[in-house]
Amino acid sequence: MIEIKAVKKSFGDLKVLNGIDLTVDKGEVISVIGASGSGKSTMLYCINALEPIDSGQIVVDGVDVHNKSTDVNKLRRNIGMVFQQWNSFPHLTTLENVALSPRIVLGKSRAEAREIARSQLEHVGLGDKLDVYPSRMSGGQQQRLAIARALAMEPNYMLFDEVTSALDPELVGEVLDTLRLLSDEGMTMLVVTHEIGFARDVSDRVAFFHEGIIEELGPPAQVIEHPQSVHTQKFLANVR
Amino acid sequence: MDYTFHWRPVFRKLPDLLQAGLVTMEVAILAMLAGVVLGLILALVRMSGMRSITWFAVGWIELARNTPALLQLFFFGFGLGAFGIHLSPFLIVLCGLSFNNAGYLAETFRGGFNAVPPTQVKAARSLGMTATQTYLRIIIPQVLRVVYHPMTNQMVWSVLMSSLAMLVGYRELAGETQFLASKTYRIFEFFLATAIIYYVIVKLIIGGSRLLSWRLFRY
């Protein structure tokens with residue numbers, strides 16, 4: 001369970017998170033929607049301590065993320081993250097990209113790590129690209145590689161930060177299909193996205209961010225089909 | 001034009017020239033190694049943004065890149081000599097070349113680090129890698145690729161620049177040539193032979209570097 005309690009964060013004078021409360025239950029898929037700059041991505045970065053918070057508390061499986069004594073490297077093993085810019089490691093083959101952290105972070109043997117990498121790459125449909133360097137792959141393939149790389153750590157949670165925003169339109173589908181697959185398998189996911197159709201079809205709940213707060217939260221039938229807040233209505237009218 | 005060539009003295013002294021060529025390689029390689037270590041430190045210091053120490057790195061880099069290499073050599077020779085610090089000719093050359101290499105390489109390294117997107121660090125850390133693992137496994141290999149060819153150029157430059165050593169009395173290849181030429185008066189012949197030796201050394205470095213790059217960078 002991820003518990004976000006009254007979290008506030010500023011970049012200088014800019015208040016990015018202005019008191020966020022959200023609980024993500026095991027197996028739940030929550031889509032986070034809202035305008036650019038409303039704090040969606042920042043919240044994800046705070047959950048695995050890539051960004052510090054100013055006040056409030058984030059607790060993942062009972063571990064206080066921003067407590068000074070928390071081992072963030074250990075914490076992050078349990079929280080996979082996929083970025084808008086897929087960030088494949090260009091100097092490693094697809095297989096090495098995925099096998100690296102199981103080996104050096106989890107301490108698996110070389111053979112074991114390669115086996116994990118192979119099965120995760122097959123999982124996302126890249127079984128025929130094991131020895132290819134990322135520069136030879138499309139954005140969609142690299143993004144699926146990034147997903148496999150995060151899954152190889154066997155995390156309990158996956159955070160997706162606008163993973164289709166930098167893709168060519170024809171490549172969006174294959175990545176969303178991979179996300180659907182994970183959701184069907186019961187992965188707990190927090191998905192920041194501009195794909196309203198995906199949010200409606202796949203999520204258990206949808207959170208609408210507006211100026212650093214969660215303005216509306218509920219099942220997609222409510223938030224997307226019958227939004228209560230003026231801001232949500234305006235936002236949805238604009239993206240449709 | 002009635003200069004007659006006499007090659008025999010050159011052939012007789014060829015072993016001495018080749019020996020001096022090795023001395024050149026030695027001092028150039030040592031200066032390169034020192035330059036890499038010092039240049040890396042200077043680049044990191046400059047990027048650290050700590051004003052109390054960056055001025056030192058910036059000053060070093062500016063002097064090394066914007067003053068003649070010969071004057072830098074003279075500083076470690078006559079300059080320090082004026083303060084009663086007398087280095088051997090070998091040390092003068094080594095210090096001068098290392099100082100120069102470090103200045104140029106610092107900027108090369110800084111460019112290399114800037115070429116790796118900061119999001120690579122975030123991606124690696126999100127996988128649970130420590131800062132050290134991230135640097136060793138993810139950042140440095142990518143930086144190495146960016147700085148590899150500029151480093152080869154600097155190594156070539158280090159060899160060619162080492163010929164300045166003859167002006168502070170060090171008998172590497174150029175110094176030895178000067179010495180033999182003035183002893184035998186076969187100035188043109190000796191310097192032509194030496195030019196060829198420099199050429200071969202440089203070609204070897206470039207060829208070796210290319211071979212190694214094929215092994216190192218498969219992507």
# chains A, B, ... in the order shown; residues from 1 in each chain; ligands from 1
call {"tool": "closest_atom_pairs", "arguments": {"of": "chain B", "to": "chain A", "cutoff": "10 Å", "atoms": "only C-alpha atoms", "output": "Markdown table"}}
result
| residue | atom | partner | partner_atom | distance |
| --- | --- | --- | --- | --- |
| B:Pro117 | CA | A:Asn87 | CA | 8.8 |
| B:Pro118 | CA | A:Asn87 | CA | 9.8 |
| B:Thr119 | CA | A:Asn87 | CA | 6.8 |
| B:Gln120 | CA | A:Asn87 | CA | 5.8 |
| B:Val121 | CA | A:Asn87 | CA | 9.2 |
| B:Lys122 | CA | A:Leu50 | CA | 7.1 |
| B:Ala123 | CA | A:Asn87 | CA | 6.4 |
| B:Ala124 | CA | A:Ser101 | CA | 8.5 |
| B:Arg125 | CA | A:Asn73 | CA | 7.4 |
| B:Ser126 | CA | A:Arg76 | CA | 5.8 |
| B:Leu127 | CA | A:Arg77 | CA | 6.0 |
| B:Gly128 | CA | A:Asn73 | CA | 4.4 |
| B:Met129 | CA | A:Val105 | CA | 6.0 |
| B:Thr130 | CA | A:Asn73 | CA | 6.4 |
| B:Ala131 | CA | A:Asn73 | CA | 9.4 |
| B:Gln133 | CA | A:Ile104 | CA | 8.1 |
| B:Arg137 | CA | A:Leu100 | CA | 8.8 |
| B:Ile138 | CA | A:Phe89 | CA | 7.0 |
| B:Ile139 | CA | A:Phe89 | CA | 9.3 |
| B:Pro141 | CA | A:His91 | CA | 7.2 |
| B:Gln142 | CA | A:His91 | CA | 6.7 |
| B:Arg145 | CA | A:His91 | CA | 9.0 |
| B:Leu216 | CA | A:His91 | CA | 9.9 |
| B:Phe217 | CA | A:His91 | CA | 7.7 |
| B:Arg218 | CA | A:His91 | CA | 7.9 |
| B:Tyr219 | CA | A:His91 | CA | 6.2 |
call {"tool": "write_last_selection", "arguments": {"atoms": "C-alpha atoms", "output": "PDB file, in the first residue's frame"}}
result
ATOM      1  CA  PRO B 117      21.363  13.368 -20.140  1.00  0.00           C
ATOM      2  CA  PRO B 118      20.680  13.784 -16.388  1.00  0.00           C
ATOM      3  CA  THR B 119      17.624  11.559 -16.794  1.00  0.00           C
ATOM      4  CA  GLN B 120      20.020   8.604 -17.179  1.00  0.00           C
ATOM      5  CA  VAL B 121      20.951   9.116 -13.535  1.00  0.00           C
ATOM      6  CA  LYS B 122      17.280   9.184 -12.500  1.00  0.00           C
ATOM      7  CA  ALA B 123      16.573   6.000 -14.467  1.00  0.00           C
ATOM      8  CA  ALA B 124      19.515   4.167 -12.896  1.00  0.00           C
ATOM      9  CA  ARG B 125      18.687   5.355  -9.371  1.00  0.00           C
ATOM     10  CA  SER B 126      15.037   4.372  -9.813  1.00  0.00           C
ATOM     11  CA  LEU B 127      16.283   0.801 -10.370  1.00  0.00           C
ATOM     12  CA  GLY B 128      17.893   0.854  -6.936  1.00  0.00           C
ATOM     13  CA  MET B 129      21.477   1.453  -8.063  1.00  0.00           C
ATOM     14  CA  THR B 130      23.647   3.428  -5.667  1.00  0.00           C
ATOM     15  CA  ALA B 131      25.260   6.683  -6.805  1.00  0.00           C
ATOM     16  CA  GLN B 133      27.039   2.055  -9.304  1.00  0.00           C
ATOM     17  CA  ARG B 137      28.025   1.357 -14.860  1.00  0.00           C
ATOM     18  CA  ILE B 138      25.917   3.979 -16.584  1.00  0.00           C
ATOM     19  CA  ILE B 139      27.548   7.407 -16.729  1.00  0.00           C
ATOM     20  CA  PRO B 141      30.904   4.296 -20.061  1.00  0.00           C
ATOM     21  CA  GLN B 142      28.824   6.873 -21.931  1.00  0.00           C
ATOM     22  CA  ARG B 145      32.605   7.171 -25.705  1.00  0.00           C
ATOM     23  CA  LEU B 216      35.130  -0.868 -26.798  1.00  0.00           C
ATOM     24  CA  PHE B 217      32.181   0.687 -28.591  1.00  0.00           C
ATOM     25  CA  ARG B 218      29.906  -1.804 -30.263  1.00  0.00           C
ATOM     26  CA  TYR B 219      26.871   0.406 -30.244  1.00  0.00           C
TER      27      TYR B 219
END
call {"tool": "residues_around", "arguments": {"residues": "stretch 54-68 of chain B", "least_positions_apart": "2", "cutoff": "6 Å", "atoms": "only C-alpha atoms", "output": "list in words"}}
result
Leu42, Val45, Arg46, Met50, Arg51, Leu70, Leu71, Asn100 and Gly103 of chain B
call {"tool": "write_last_selection", "arguments": {"atoms": "C-alpha atoms", "output": "compact mmCIF listing (two decimals), in the first residue's frame"}}
result
# COMPACT_ATOMS: atom_id res chain seq x y z
CA LEU B 42 39.75 19.76 -12.72
CA VAL B 45 36.03 20.63 -9.45
CA ARG B 46 34.79 23.03 -12.14
CA MET B 50 31.85 25.43 -5.21
CA ARG B 51 33.20 28.90 -5.78
CA LEU B 70 56.43 26.55 -24.74
CA LEU B 71 55.90 29.26 -22.12
CA ASN B 100 48.84 21.52 -20.71
CA GLY B 103 43.80 21.90 -19.12
call {"tool": "atom_distance", "arguments": {"atom1": "atom CA of B:Val27", "atom2": "atom CA of B:Leu173"}}
result
10.7 Å
call {"tool": "closest_atom_pairs", "arguments": {"of": "stretch 115-159 of chain A", "to": "stretch 25-43 of chain A", "cutoff": "10 Å", "atoms": "only C-alpha atoms", "output": "JSON lines"}}
result
{"residue": "A:Asn156", "atom": "CA", "partner": "A:Lys26", "partner_atom": "CA", "distance": 8.3}
{"residue": "A:Tyr157", "atom": "CA", "partner": "A:Lys26", "partner_atom": "CA", "distance": 8.4}
{"residue": "A:Met158", "atom": "CA", "partner": "A:Val29", "partner_atom": "CA", "distance": 9.5}
{"residue": "A:Leu159", "atom": "CA", "partner": "A:Ser41", "partner_atom": "CA", "distance": 9.6}
call {"tool": "write_last_selection", "arguments": {"atoms": "C-alpha atoms", "output": "PDB file, in the first residue's frame"}}
result
ATOM      1  CA  ASN A 156       5.283  -4.495  -5.997  1.00  0.00           C
ATOM      2  CA  TYR A 157       4.463  -1.125  -7.524  1.00  0.00           C
ATOM      3  CA  MET A 158       4.949   0.468 -10.911  1.00  0.00           C
ATOM      4  CA  LEU A 159       4.954   4.214 -11.560  1.00  0.00           C
TER       5      LEU A 159
END
call {"tool": "residues_around", "arguments": {"residues": "A:Val163", "least_positions_apart": "5", "cutoff": "12 Å", "atoms": "only C-alpha atoms", "output": "number ranges by chain"}}
result
A: 41, 81-87, 139-147, 158, 168, 171-176, 178-179, 190-195
call {"tool": "select_by_dssp", "arguments": {"residues": "stretch 56-215 of chain B", "states": "alpha helix (DSSP H)", "output": "ChimeraX atom specification"}}
result
/B:56-66,69-74,80-82,89-115,119-126,131-133,140-161,173-184,187-215
call {"tool": "closest_residue", "arguments": {"among": "A:Ile213, A:Asp161, A:Gly218, A:Ala111", "to": "A:Val7", "atoms": "only C-alpha atoms"}}
result
A:Ile213
call {"tool": "atom_distance", "arguments": {"atom1": "atom CA of B:Leu105", "atom2": "atom CA of B:Leu80"}}
result
24.2 Å
call {"tool": "residues_around", "arguments": {"residues": "A:Lys234", "least_positions_apart": "4", "cutoff": "12 Å", "atoms": "only C-alpha atoms", "output": "number ranges by chain"}}
result
A: 34-35, 208, 210, 224, 227-230, 238-240
call {"tool": "atom_distance", "arguments": {"atom1": "atom CA of A:Gly12", "atom2": "atom CA of A:Glu162"}}
result
24.1 Å
call {"tool": "residues_around", "arguments": {"residues": "stretch 189-204 of chain B", "least_positions_apart": "6", "cutoff": "7 Å", "atoms": "only C-alpha atoms", "output": "list in words"}}
result
Trp7, Val10, Val156, Thr177 and Ala181 of chain B
call {"tool": "residues_around", "arguments": {"residues": "A:Val24", "least_positions_apart": "4", "cutoff": "7 Å", "atoms": "only C-alpha atoms", "output": "VMD selection string"}}
result
chain A and resid 1 to 3 28
